[in-house]
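A.B. asks: Provided below: target.txt, containing compact mmCIF, C-alpha atoms.
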# COMPACT_ATOMS: atom_id res chain seq x y z
CA MET A 1 25.41 -55.48 -1.26
CA THR A 2 24.76 -53.71 -4.58
CA ASP A 3 27.35 -51.45 -6.23
CA VAL A 4 25.21 -48.46 -5.22
CA GLY A 5 25.07 -49.71 -1.65
CA ALA A 6 28.83 -50.28 -1.49
CA SER A 7 29.52 -46.83 -2.91
CA PHE A 8 27.11 -45.27 -0.42
CA ARG A 9 28.77 -47.08 2.47
CA ARG A 10 32.23 -45.82 1.45
CA TYR A 11 30.81 -42.31 1.16
CA LEU A 12 29.38 -42.46 4.68
CA GLU A 13 32.59 -43.89 6.14
CA GLU A 14 35.07 -41.61 4.37
CA SER A 15 33.34 -38.22 4.13
CA ASN A 16 33.16 -35.41 6.66
CA ARG A 17 29.56 -35.54 7.86
CA PHE A 18 29.32 -31.73 7.98
CA GLN A 19 28.57 -31.03 4.32
CA SER A 20 26.38 -27.90 4.71
CA TYR A 21 22.78 -27.41 5.72
CA LEU A 22 20.38 -28.96 3.18
CA TYR A 23 17.24 -27.04 4.17
CA SER A 24 15.64 -27.11 0.73
CA TYR A 25 15.72 -29.24 -2.37
CA PRO A 26 16.71 -28.44 -5.04
CA HIS A 27 19.18 -25.97 -3.54
CA LYS A 28 18.85 -22.37 -4.71
CA THR A 29 22.30 -22.57 -6.36
CA ALA A 30 20.71 -24.98 -8.87
CA TYR A 31 18.20 -22.35 -10.03
CA ARG A 32 18.73 -20.79 -13.47
CA PRO A 33 16.84 -18.43 -15.81
CA PHE A 34 13.99 -20.22 -17.59
CA GLU A 35 14.27 -20.32 -21.38
CA GLN A 36 10.91 -18.56 -21.51
CA LYS A 37 9.15 -16.82 -18.64
CA LEU A 38 6.35 -18.86 -17.10
CA ASP A 39 2.84 -17.45 -16.87
CA LEU A 40 1.91 -17.91 -13.20
CA LYS A 41 -1.83 -18.15 -13.73
CA THR A 42 -1.30 -21.07 -16.11
CA LEU A 43 1.33 -22.62 -13.83
CA TRP A 44 -0.90 -22.56 -10.74
CA ALA A 45 -4.19 -23.52 -12.44
CA PRO A 46 -3.92 -27.33 -11.95
CA GLU A 47 -2.38 -27.14 -8.46
CA LYS A 48 -3.95 -28.06 -5.15
CA LYS A 49 -4.23 -24.74 -3.28
CA SER A 50 -6.21 -25.59 -0.16
CA SER A 51 -3.20 -25.73 2.19
CA LEU A 52 -0.49 -23.43 0.88
CA TYR A 53 2.34 -21.95 2.91
CA LEU A 54 3.19 -18.24 2.74
CA TYR A 55 6.74 -16.98 3.14
CA THR A 56 7.78 -13.31 3.09
CA HIS A 57 11.45 -12.38 2.90
CA ILE A 58 12.61 -9.13 4.54
CA PRO A 59 16.17 -8.69 3.22
CA PHE A 60 17.27 -6.00 5.68
CA CYS A 61 19.49 -6.12 8.77
CA ARG A 62 21.22 -3.62 11.00
CA MET A 63 24.44 -5.56 10.50
CA LYS A 64 25.50 -8.72 8.68
CA CYS A 65 26.92 -11.54 10.79
CA ALA A 66 30.32 -12.93 9.87
CA PHE A 67 28.90 -16.41 9.09
CA CYS A 68 25.85 -15.21 7.16
CA ASN A 69 25.38 -16.15 3.50
CA LEU A 70 21.70 -15.24 3.44
CA PHE A 71 20.20 -12.80 0.97
CA THR A 72 20.37 -9.63 3.04
CA VAL A 73 21.75 -6.10 3.05
CA SER A 74 22.61 -4.05 6.12
CA ASN A 75 21.57 -0.50 7.01
CA PRO A 76 19.19 0.18 4.10
CA GLN A 77 17.82 3.64 3.40
CA GLU A 78 14.39 4.09 4.98
CA ASP A 79 12.76 5.00 1.67
CA LEU A 80 14.02 1.71 0.20
CA VAL A 81 12.32 -0.26 2.99
CA SER A 82 9.05 1.59 2.43
CA LEU A 83 9.20 1.04 -1.33
CA TYR A 84 10.02 -2.63 -0.81
CA LEU A 85 6.89 -3.12 1.31
CA LYS A 86 4.79 -1.43 -1.37
CA LYS A 87 6.08 -3.96 -3.89
CA VAL A 88 5.33 -6.81 -1.50
CA GLN A 89 1.78 -5.47 -1.39
CA LEU A 90 1.65 -5.42 -5.22
CA GLU A 91 3.12 -8.92 -5.48
CA ALA A 92 0.53 -10.19 -2.99
CA GLU A 93 -2.29 -8.64 -5.04
CA VAL A 94 -1.01 -10.39 -8.17
CA ALA A 95 -0.70 -13.68 -6.27
CA ARG A 96 -4.29 -13.36 -5.03
CA ASP A 97 -5.58 -12.71 -8.54
CA THR A 98 -3.40 -15.49 -9.98
CA LEU A 99 -4.32 -18.29 -7.57
CA GLY A 100 -8.11 -18.19 -7.75
CA GLU A 101 -9.48 -20.11 -4.76
CA PHE A 102 -6.78 -20.73 -2.16
CA ALA A 103 -6.12 -21.03 1.54
CA PHE A 104 -3.00 -20.81 3.66
CA ALA A 105 -2.21 -23.40 6.34
CA GLY A 106 0.70 -21.41 7.78
CA TYR A 107 3.12 -18.56 7.21
CA ALA A 108 6.61 -17.37 8.08
CA ILE A 109 8.28 -13.98 7.94
CA GLY A 110 12.05 -14.29 7.66
CA GLY A 111 15.09 -12.67 6.22
CA GLY A 112 17.30 -10.88 6.83
CA THR A 113 15.76 -9.54 9.98
CA PRO A 114 12.00 -8.89 9.92
CA SER A 115 12.27 -7.11 13.28
CA HIS A 116 14.28 -4.44 11.44
CA LEU A 117 10.86 -3.11 10.35
CA GLU A 118 9.31 -0.38 12.47
CA VAL A 119 5.90 -0.94 14.05
CA GLY A 120 4.09 1.03 11.35
CA GLN A 121 5.80 -1.07 8.69
CA LEU A 122 4.87 -4.26 10.51
CA GLU A 123 1.25 -3.11 10.54
CA LYS A 124 1.42 -2.58 6.77
CA LEU A 125 2.81 -6.08 6.27
CA PHE A 126 0.14 -7.69 8.43
CA SER A 127 -2.45 -5.69 6.50
CA VAL A 128 -1.20 -7.36 3.32
CA TYR A 129 -1.78 -10.72 4.98
CA THR A 130 -5.28 -9.96 6.25
CA ASN A 131 -6.75 -7.51 3.75
CA THR A 132 -5.10 -8.72 0.54
CA LEU A 133 -4.59 -12.45 1.13
CA GLY A 134 -7.40 -13.08 3.59
CA LEU A 135 -5.38 -14.75 6.35
CA ASP A 136 -7.01 -15.18 9.72
CA LEU A 137 -3.85 -14.39 11.69
CA LYS A 138 -5.29 -15.45 15.03
CA ASN A 139 -5.97 -18.94 13.71
CA THR A 140 -3.11 -19.46 11.24
CA PRO A 141 0.20 -20.72 12.64
CA GLY A 142 2.85 -18.12 11.89
CA SER A 143 6.55 -17.65 12.60
CA PHE A 144 8.52 -14.41 12.89
CA GLU A 145 12.30 -14.00 13.14
CA ILE A 146 13.81 -11.35 15.40
CA SER A 147 17.31 -10.24 16.35
CA PRO A 148 18.53 -8.85 19.68
CA ASP A 149 19.53 -5.51 18.19
CA THR A 150 16.23 -4.67 16.47
CA ILE A 151 13.49 -5.95 18.76
CA ASN A 152 11.77 -3.94 21.50
CA ASP A 153 8.68 -3.96 23.66
CA GLU A 154 6.54 -2.09 21.15
CA LYS A 155 7.33 -4.54 18.36
CA LEU A 156 6.76 -7.57 20.59
CA SER A 157 3.39 -6.14 21.56
CA CYS A 158 2.50 -5.71 17.88
CA LEU A 159 3.45 -9.30 17.08
CA SER A 160 1.49 -10.63 20.04
CA GLN A 161 -1.62 -8.63 19.12
CA HIS A 162 -1.54 -10.05 15.59
CA GLY A 163 -1.48 -13.61 16.88
CA VAL A 164 2.06 -14.58 15.84
CA GLN A 165 2.53 -18.09 17.21
CA ARG A 166 6.27 -18.56 16.95
CA ILE A 167 9.09 -16.12 17.75
CA SER A 168 12.61 -17.13 16.75
CA ILE A 169 15.76 -15.36 17.91
CA GLY A 170 19.37 -16.07 16.95
CA ILE A 171 21.60 -15.85 20.02
CA GLN A 172 24.39 -18.03 18.57
CA SER A 173 26.41 -17.91 21.82
CA PHE A 174 25.97 -16.54 25.32
CA ILE A 175 29.75 -16.13 25.57
CA ASP A 176 30.56 -12.52 24.64
CA ALA A 177 33.90 -13.30 22.98
CA GLU A 178 32.35 -16.06 20.85
CA ALA A 179 29.45 -13.85 19.79
CA ARG A 180 31.87 -11.09 18.79
CA SER A 181 33.99 -13.54 16.78
CA VAL A 182 31.01 -14.15 14.46
CA GLY A 183 30.08 -10.47 14.25
CA ARG A 184 27.46 -10.29 17.02
CA VAL A 185 27.61 -7.63 19.74
CA GLN A 186 25.09 -8.68 22.37
CA PRO A 187 26.40 -8.46 25.94
CA GLU A 188 24.92 -10.95 28.39
CA ALA A 189 23.74 -8.05 30.55
CA VAL A 190 21.47 -7.02 27.65
CA MET A 191 20.42 -10.50 26.54
CA GLU A 192 18.95 -11.74 29.82
CA PRO A 193 16.40 -8.92 30.25
CA LEU A 194 15.46 -9.21 26.57
CA LEU A 195 14.79 -12.94 26.76
CA GLU A 196 12.81 -12.46 29.96
CA LYS A 197 10.77 -9.78 28.18
CA ILE A 198 10.06 -12.12 25.24
CA ASN A 199 8.95 -14.81 27.69
CA SER A 200 6.56 -12.38 29.37
CA TYR A 201 4.49 -12.21 26.16
CA GLN A 202 3.91 -15.98 26.31
CA PHE A 203 4.16 -16.66 22.60
CA PRO A 204 3.06 -20.29 22.12
CA ILE A 205 6.43 -21.20 20.58
CA PHE A 206 9.66 -19.45 21.53
CA ASN A 207 12.69 -20.64 19.55
CA LEU A 208 16.31 -19.89 20.33
CA ASP A 209 19.23 -20.57 17.94
CA LEU A 210 22.75 -21.52 19.02
CA ILE A 211 25.83 -22.25 16.87
CA TYR A 212 28.57 -24.77 17.59
CA GLY A 213 32.00 -24.78 15.97
CA ILE A 214 32.60 -21.05 16.53
CA PRO A 215 36.33 -20.13 16.50
CA GLY A 216 37.65 -20.40 20.06
CA GLN A 217 34.64 -22.33 21.33
CA THR A 218 35.34 -25.25 23.67
CA PRO A 219 33.16 -28.02 25.10
CA GLU A 220 33.08 -26.04 28.35
CA THR A 221 31.93 -22.77 26.78
CA TRP A 222 29.40 -24.64 24.61
CA LEU A 223 27.95 -26.28 27.68
CA ALA A 224 27.77 -22.87 29.40
CA SER A 225 25.70 -21.49 26.50
CA LEU A 226 23.39 -24.50 26.61
CA GLU A 227 22.91 -24.13 30.36
CA LYS A 228 22.07 -20.45 29.95
CA ALA A 229 19.66 -21.19 27.08
CA VAL A 230 17.50 -23.67 28.99
CA GLN A 231 17.12 -21.22 31.89
CA PHE A 232 14.70 -19.28 29.66
CA GLN A 233 12.71 -22.45 28.87
CA PRO A 234 12.40 -21.94 25.11
CA THR A 235 9.91 -24.24 23.42
CA GLU A 236 12.45 -24.99 20.70
CA ILE A 237 16.21 -24.83 20.48
CA PHE A 238 18.02 -25.08 17.15
CA LEU A 239 21.65 -26.18 17.31
CA TYR A 240 23.42 -25.19 14.09
CA PRO A 241 26.90 -26.40 13.16
CA LEU A 242 29.00 -23.52 11.86
CA TYR A 243 29.51 -23.69 8.12
CA VAL A 244 32.02 -21.23 6.65
CA ARG A 245 30.67 -20.36 3.23
CA PRO A 246 32.03 -18.33 0.27
CA LEU A 247 31.77 -14.53 0.36
CA THR A 248 31.07 -14.42 4.10
CA THR A 249 33.35 -12.48 6.45
CA LEU A 250 34.48 -15.69 8.14
CA PHE A 251 35.41 -17.20 4.78
CA LYS A 252 37.47 -14.15 3.86
CA LYS A 253 39.21 -14.33 7.22
CA HIS A 254 39.73 -18.08 7.70
CA GLY A 255 38.87 -19.82 4.43
CA ASN A 256 36.59 -22.84 4.64
CA THR A 257 38.76 -24.84 7.04
CA GLN A 258 38.54 -24.91 10.81
CA ALA A 259 41.70 -25.28 12.89
CA GLU A 260 40.25 -27.94 15.19
CA ASP A 261 36.94 -29.38 14.14
CA LEU A 262 35.09 -30.07 17.37
CA ARG A 263 31.65 -30.07 15.79
CA SER A 264 31.04 -33.82 16.21
CA THR A 265 31.91 -33.58 19.90
CA LEU A 266 29.86 -30.42 20.40
CA TYR A 267 26.86 -31.91 18.60
CA ARG A 268 26.92 -34.92 20.93
CA ILE A 269 27.24 -32.68 24.00
CA GLY A 270 24.32 -30.53 22.84
CA ARG A 271 22.07 -33.48 22.00
CA GLU A 272 22.70 -35.27 25.28
CA PHE A 273 22.32 -32.09 27.33
CA LEU A 274 18.98 -31.11 25.78
CA GLN A 275 17.58 -34.62 25.95
CA ALA A 276 18.52 -34.73 29.64
CA HIS A 277 16.54 -31.49 30.10
CA GLY A 278 13.36 -32.86 28.54
CA TYR A 279 13.83 -31.82 24.92
CA VAL A 280 12.93 -34.25 22.12
CA GLN A 281 15.05 -34.31 18.98
CA ASP A 282 13.02 -33.54 15.84
CA SER A 283 15.90 -33.30 13.36
CA MET A 284 19.66 -32.94 13.44
CA ARG A 285 19.19 -29.29 14.43
CA LEU A 286 15.81 -28.97 16.11
CA PHE A 287 15.01 -29.96 19.70
CA ARG A 288 11.50 -29.40 21.10
CA ARG A 289 10.13 -29.24 24.62
CA PRO A 290 6.75 -31.04 24.49
CA VAL A 291 3.96 -28.54 25.16
CA ALA A 292 0.30 -29.52 24.98
CA GLY A 293 -2.22 -27.52 22.97
CA LEU A 294 0.04 -25.79 20.46
CA ARG A 295 -1.70 -24.49 17.33
CA GLU A 296 0.77 -26.19 15.01
CA SER A 297 -0.30 -26.66 11.41
CA SER A 298 -1.25 -30.25 10.68
CA GLU A 299 -2.53 -29.39 7.22
CA TYR A 300 0.61 -28.23 5.40
CA SER A 301 3.04 -30.87 4.14
CA CYS A 302 6.25 -29.34 2.77
CA GLN A 303 6.88 -32.53 0.74
CA GLU A 304 3.72 -32.09 -1.31
CA ASP A 305 1.95 -28.76 -0.82
CA GLY A 306 2.71 -25.50 -2.55
CA MET A 307 4.25 -22.32 -1.26
CA ILE A 308 3.89 -18.67 -2.19
CA GLY A 309 6.92 -16.46 -1.66
CA LEU A 310 6.73 -12.68 -1.41
CA GLY A 311 9.79 -10.46 -1.76
CA THR A 312 13.30 -10.99 -3.02
CA ASN A 313 14.79 -14.47 -2.67
CA ALA A 314 11.47 -15.91 -1.46
CA ARG A 315 10.85 -19.25 -3.13
CA SER A 316 7.48 -20.31 -4.52
CA TYR A 317 6.72 -24.00 -5.10
CA THR A 318 4.31 -25.80 -7.36
CA THR A 319 4.39 -29.57 -7.85
CA ASP A 320 7.22 -29.50 -10.37
CA VAL A 321 8.40 -25.87 -10.59
CA HIS A 322 10.27 -23.81 -8.00
CA TYR A 323 10.85 -20.13 -8.70
CA SER A 324 12.16 -16.98 -7.04
CA THR A 325 14.27 -13.91 -7.71
CA GLU A 326 17.98 -14.50 -8.21
CA TYR A 327 20.21 -15.25 -5.24
CA ALA A 328 23.36 -13.43 -4.10
CA VAL A 329 25.45 -12.86 -0.98
CA SER A 330 27.73 -9.89 -1.68
CA LYS A 331 26.29 -6.49 -0.87
CA PRO A 332 26.49 -5.02 -4.42
CA ASN A 333 24.74 -8.00 -5.99
CA VAL A 334 22.07 -8.21 -3.29
CA ALA A 335 21.45 -4.48 -3.64
CA ALA A 336 21.12 -4.81 -7.43
CA ILE A 337 18.51 -7.58 -7.10
CA ILE A 338 16.54 -5.55 -4.53
CA ASN A 339 16.66 -2.50 -6.79
CA ASP A 340 15.35 -4.61 -9.66
CA TYR A 341 12.54 -5.89 -7.43
CA VAL A 342 11.38 -2.44 -6.32
CA ALA A 343 11.34 -1.29 -9.95
CA LYS A 344 8.87 -4.01 -10.98
CA GLU A 345 5.40 -3.24 -12.27
CA ARG A 346 2.27 -5.40 -11.95
CA ALA A 347 2.94 -7.30 -15.18
CA ASP A 348 6.41 -8.28 -13.96
CA PHE A 349 4.89 -10.18 -11.03
CA MET A 350 2.63 -12.20 -13.32
CA THR A 351 5.47 -14.33 -14.68
CA ALA A 352 8.43 -16.29 -13.30
CA GLY A 353 11.78 -15.99 -15.02
CA TYR A 354 14.17 -17.76 -12.65
CA GLY A 355 14.01 -21.14 -10.93
CA ILE A 356 14.05 -24.84 -11.73
CA ARG A 357 11.77 -27.51 -13.18
CA LEU A 358 11.71 -30.72 -11.16
CA SER A 359 11.81 -34.05 -12.95
CA GLU A 360 9.89 -36.94 -11.43
CA ASP A 361 13.22 -38.22 -10.10
CA ASP A 362 13.85 -34.92 -8.33
CA ARG A 363 10.32 -34.91 -6.92
CA LYS A 364 11.06 -38.33 -5.43
CA ARG A 365 14.38 -37.13 -4.05
CA ARG A 366 12.78 -34.05 -2.55
CA TYR A 367 10.12 -36.14 -0.84
CA LEU A 368 12.76 -38.53 0.48
CA ILE A 369 15.08 -35.80 1.82
CA LYS A 370 12.31 -33.71 3.38
CA SER A 371 10.86 -36.79 5.10
CA LEU A 372 13.83 -38.95 6.07
CA LEU A 373 15.76 -36.19 7.83
CA LYS A 374 12.91 -35.57 10.31
CA ILE A 375 12.19 -37.74 13.32
CA GLU A 376 8.83 -39.01 11.98
CA GLY A 377 10.59 -40.35 8.89
CA LEU A 378 9.16 -41.39 5.55
CA ASP A 379 5.74 -43.01 5.20
CA GLU A 380 6.49 -45.84 2.77
CA ALA A 381 2.88 -46.51 1.74
CA HIS A 382 2.25 -42.86 1.02
CA TYR A 383 5.44 -42.63 -1.04
CA GLN A 384 4.27 -45.57 -3.14
CA SER A 385 0.81 -44.02 -3.59
CA LEU A 386 2.43 -40.85 -4.94
CA PHE A 387 5.09 -42.36 -7.18
CA GLY A 388 3.90 -45.88 -8.02
CA LYS A 389 7.03 -47.67 -6.81
CA THR A 390 8.40 -48.54 -3.40
CA VAL A 391 10.98 -46.21 -1.91
CA HIS A 392 13.37 -49.17 -1.64
CA ALA A 393 13.09 -49.86 -5.36
CA ASP A 394 13.88 -46.23 -6.14
CA PHE A 395 16.61 -45.85 -3.50
CA PRO A 396 18.41 -49.14 -2.71
CA GLU A 397 20.87 -47.13 -0.60
CA LEU A 398 18.31 -47.19 2.20
CA ALA A 399 19.16 -50.85 2.81
CA THR A 400 22.75 -49.80 3.50
CA LEU A 401 21.57 -47.25 6.06
CA MET A 402 19.75 -50.04 7.88
CA GLU A 403 22.66 -52.48 7.60
CA ILE A 404 25.05 -50.07 9.35
CA GLY A 405 22.51 -49.05 11.99
CA LEU A 406 21.76 -45.50 10.83
CA ALA A 407 18.12 -46.20 9.88
CA GLN A 408 15.29 -48.55 10.73
CA GLU A 409 11.83 -49.51 9.49
CA GLN A 410 9.10 -49.15 12.06
CA ALA A 411 5.31 -49.22 11.58
CA GLY A 412 5.63 -48.66 7.83
CA ARG A 413 8.07 -45.79 8.16
CA MET A 414 11.71 -45.45 7.23
CA GLN A 415 13.40 -43.49 10.04
CA LEU A 416 16.92 -42.46 10.91
CA HIS A 417 18.11 -44.42 13.92
CA GLY A 418 21.02 -44.41 16.37
CA ASP A 419 23.58 -41.94 15.07
CA GLY A 420 21.59 -41.46 11.86
CA MET A 421 20.47 -37.96 12.81
CA ALA A 422 24.09 -36.95 13.33
CA TYR A 423 24.78 -37.87 9.69
CA SER A 424 21.79 -35.96 8.28
CA ASP A 425 23.74 -33.50 6.16
CA LEU A 426 25.91 -36.27 4.72
CA ILE A 427 22.90 -38.49 4.01
CA GLY A 428 20.90 -35.66 2.49
CA HIS A 429 23.68 -34.62 0.13
CA TRP A 430 24.09 -38.17 -1.18
CA PHE A 431 20.51 -38.10 -2.48
CA ILE A 432 20.96 -34.92 -4.53
CA SER A 433 20.48 -35.88 -8.18
CA PRO A 434 23.52 -35.77 -10.50
CA GLU A 435 21.86 -33.04 -12.59
CA VAL A 436 21.16 -30.80 -9.58
CA LYS A 437 24.60 -31.49 -8.15
CA HIS A 438 26.17 -30.45 -11.45
CA LYS A 439 24.26 -27.17 -11.45
CA MET A 440 25.27 -26.49 -7.84
CA GLN A 441 28.92 -27.12 -8.70
CA GLU A 442 28.69 -24.83 -11.75
CA TYR A 443 27.21 -21.99 -9.70
CA VAL A 444 29.57 -19.06 -9.17
CA PRO A 445 28.98 -17.28 -5.83
CA ARG A 446 28.12 -13.64 -6.32
Produce structure tokens that represent the structure in this file.

C.D. replies:
Amino acid sequence: MTDVGASFRRYLEESNRFQSYLYSYPHKTAYRPFEQKLDLKTLWAPEKKSSLYLYTHIPFCRMKCAFCNLFTVSNPQEDLVSLYLKKVQLEAEVARDTLGEFAFAGYAIGGGTPSHLEVGQLEKLFSVYTNTLGLDLKNTPGSFEISPDTINDEKLSCLSQHGVQRISIGIQSFIDAEARSVGRVQPEAVMEPLLEKINSYQFPIFNLDLIYGIPGQTPETWLASLEKAVQFQPTEIFLYPLYVRPLTTLFKKHGNTQAEDLRSTLYRIGREFLQAHGYVQDSMRLFRRPVAGLRESSEYSCQEDGMIGLGTNARSYTTDVHYSTEYAVSKPNVAAIINDYVAKERADFMTAGYGIRLSEDDRKRRYLIKSLLKIEGLDEAHYQSLFGKTVHADFPELATLMEIGLAQEQAGRMQLHGDGMAYSDLIGHWFISPEVKHKMQEYVPR
């Protein structure tokens, strides 16, 4: 075994496998101001733009959950929401004029809580998509996040009429005391009729989020939430381990330690329960119920294709540059960034001032992380066609994963195997480059 392999093996054996959710690479805490602002027209000119992804960030919520470290502010003034949407419209116009010929393979509207918007505001946002950016909403896979306290029949009808394919709702727990402990007030008597109402609209994909590791949660209460969840037959269920992160209410109350860490046990219970009920594991967090005929995007590849972000904290990706507004968690700093955004003029949206340039090494690492941590794994031949070397030559640690039974090679793909999925966060964090890791460690939460 090489020195790298031996070091990797010690890391896997000695580290807590719950390291935090690595949903993007490089992580936003590695972003910094560019030395000079980048002209977006020049930046996008050489890029492939036939299968872009569109993400819009709505940074508003009725209340902020105790575990939440997302870029969001609660109870905004109505005139601020209206002004924000006007700036999203302006940013979309600049993106259209910047990109030249382009097409979107999919879109997502997240936050925050997009369902905080009123129906008239939702109509304005969808108008940006259709009239400004030319999306065919009925034939473009799209996802929309909702919360129990801001969704209603009128909004669901609006989303259905516009062809939204995927609705995602964060329940977190069906146990009232557990939900309250993480800042959610959603009595079961209210939740059941709401979920039945969502089901009545027959969105092609209905996703439900649950959290394990909540203070006071037990294997018995976790199983009760899982049993309640599958009664509504969601197409997808995300099981998120609780991470207590700086500046959140839970962090201020408990610090970043948990009295009894049951997350490994609860993960195993959740995985086995959902698999027994016909769900197929797609990643450490995502479990899908196979449904024929879904209009899922087969054109967009997050490892390679670009993304356009609209709004504060929405990332945009080219091949080797990621950019966005700045990131914050605390209410004053989030509010300041939003205020800066709504004060922007057209020329301000034509350049990028904050983000990160990806080296070839980081492009390789991004491809590896975004591929390996999904059930389909990494296509070794395609990796070599992109980067000119085999993935094993670039990352000898993969041999260690196979030696200890956490990965396998099958039909030209490197895939996590056995308990490999359970170690996803630990595996993903190992492959962060030293330079990106240093920037993440230097970052001061704000």

A.B. asks: For region 395-405 of chain A, list every protein, DNA or RNA residue within 12 Å, evaluated using only C-alpha atoms, and leave out those in the same chain fewer than 3 positions away; present the list as a ChimeraX atom specification.

C.D. replies: /A:1-13,361,364-365,367-369,372,378,380,383,389-392,408-410,413-421,423-424,426-428,430-433

A.B. asks: What's the 12 Å shell around Pro26 (chain A), counting all atoms listed in the file, without same-chain residues fewer than 2 positions away, as a PyMOL selection string?

C.D. replies: chain A and resi 22-24+28-32+315+317+320-323+355-359+361-367+369-370+428-429+431-440

A.B. asks: Keeping C-alpha atoms, export the residues of the selection given above as an mmCIF file, in the coordinates of the input.

C.D. replies:
data_model
loop_
_atom_site.group_PDB
_atom_site.id
_atom_site.type_symbol
_atom_site.label_atom_id
_atom_site.label_comp_id
_atom_site.auth_asym_id
_atom_site.auth_seq_id
_atom_site.Cartn_x
_atom_site.Cartn_y
_atom_site.Cartn_z
ATOM 1 C CA LEU A 22 20.380 -28.960 3.180
ATOM 2 C CA TYR A 23 17.240 -27.040 4.170
ATOM 3 C CA SER A 24 15.640 -27.110 0.730
ATOM 4 C CA LYS A 28 18.850 -22.370 -4.710
ATOM 5 C CA THR A 29 22.300 -22.570 -6.360
ATOM 6 C CA ALA A 30 20.710 -24.980 -8.870
ATOM 7 C CA TYR A 31 18.200 -22.350 -10.030
ATOM 8 C CA ARG A 32 18.730 -20.790 -13.470
ATOM 9 C CA ARG A 315 10.850 -19.250 -3.130
ATOM 10 C CA TYR A 317 6.720 -24.000 -5.100
ATOM 11 C CA ASP A 320 7.220 -29.500 -10.370
ATOM 12 C CA VAL A 321 8.400 -25.870 -10.590
ATOM 13 C CA HIS A 322 10.270 -23.810 -8.000
ATOM 14 C CA TYR A 323 10.850 -20.130 -8.700
ATOM 15 C CA GLY A 355 14.010 -21.140 -10.930
ATOM 16 C CA ILE A 356 14.050 -24.840 -11.730
ATOM 17 C CA ARG A 357 11.770 -27.510 -13.180
ATOM 18 C CA LEU A 358 11.710 -30.720 -11.160
ATOM 19 C CA SER A 359 11.810 -34.050 -12.950
ATOM 20 C CA ASP A 361 13.220 -38.220 -10.100
ATOM 21 C CA ASP A 362 13.850 -34.920 -8.330
ATOM 22 C CA ARG A 363 10.320 -34.910 -6.920
ATOM 23 C CA LYS A 364 11.060 -38.330 -5.430
ATOM 24 C CA ARG A 365 14.380 -37.130 -4.050
ATOM 25 C CA ARG A 366 12.780 -34.050 -2.550
ATOM 26 C CA TYR A 367 10.120 -36.140 -0.840
ATOM 27 C CA ILE A 369 15.080 -35.800 1.820
ATOM 28 C CA LYS A 370 12.310 -33.710 3.380
ATOM 29 C CA GLY A 428 20.900 -35.660 2.490
ATOM 30 C CA HIS A 429 23.680 -34.620 0.130
ATOM 31 C CA PHE A 431 20.510 -38.100 -2.480
ATOM 32 C CA ILE A 432 20.960 -34.920 -4.530
ATOM 33 C CA SER A 433 20.480 -35.880 -8.180
ATOM 34 C CA PRO A 434 23.520 -35.770 -10.500
ATOM 35 C CA GLU A 435 21.860 -33.040 -12.590
ATOM 36 C CA VAL A 436 21.160 -30.800 -9.580
ATOM 37 C CA LYS A 437 24.600 -31.490 -8.150
ATOM 38 C CA HIS A 438 26.170 -30.450 -11.450
ATOM 39 C CA LYS A 439 24.260 -27.170 -11.450
ATOM 40 C CA MET A 440 25.270 -26.490 -7.840
#

A.B. asks: Which residues are near Lys41 (chain A)? Cut-off 10 Å, all atoms listed in the file, ignore same chain within fewer than 2 positions. Put them as a list in words.

C.D. replies: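 Within the cut-off, the hits are Leu38, Asp39, Leu43, Trp44, Ala45, Pro46, Val94, Ala95, Asp97, Thr98, Leu99, Gly100, Met350 and Thr351 of chain A.
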
A.B. asks: For Glu192 (chain A), which residue among A:Phe232, A:Asn313, A:Tyr341, A:Glu220 is the nearest when counting only C-alpha atoms?

C.D. replies: A:Phe232

A.B. asks: What does the distance between CA of Gly170 (chain A) and CA of Asn339 (chain A) come to in Å, to one decimal place?

C.D. replies: 27.5 Å

A.B. asks: Hey, which of A:Ala411, A:Val88, A:Ile198, A:Leu133 ends up closest to Tyr53 (chain A)? Count all atoms listed in the file.

C.D. replies: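 Using all atoms listed in the file, Tyr53 (chain A) sits closest to A:Leu133.
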
A.B. asks: Distance CA of Lys374 (chain A)-CA of Ser283 (chain A), one decimal place?

C.D. replies: 4.8 Å

A.B. asks: At what distance in Å, to one decimal, does CA of Ser225 (chain A) lie from CA of Ala179 (chain A)?

C.D. replies: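 Here the two named atoms are 10.8 Å from each other.
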
A.B. asks: Just checking: using only C-alpha atoms, which residue out of A:Gln89, A:Glu14, A:Tyr354, A:Ser301 ends up closest to Ser324 (chain A)?

C.D. replies: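 Nearest to Ser324 (chain A): A:Tyr354.
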
A.B. asks: Determine the nearest neighbour of Leu156 (chain A) from the options A:Gly270, A:Pro114, A:Gly377, A:Pro33, counting only C-alpha atoms.

C.D. replies: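 Nearest candidate to Leu156 (chain A) out of A:Gly270, A:Pro114, A:Gly377, A:Pro33: A:Pro114.
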
A.B. asks: Please report, as lines of an AutoDock Vina configuration file, the centre and edge lengths in Å to one decimal of an axis-aligned box covering all listed atoms of region 166-170 of chain A with 3 Å per side.

C.D. replies:
center_x = 12.8
center_y = -17.0
center_z = 17.3
size_x = 19.1
size_y = 9.2
size_z = 7.2

A.B. asks: Using all atoms listed in the file for the distances, tell me which of A:Met307, A:Leu122, A:Ala105, A:Leu226 is nearest to Glu47 (chain A).

C.D. replies: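 Of the candidates, the smallest distance to Glu47 (chain A) is held by A:Met307.
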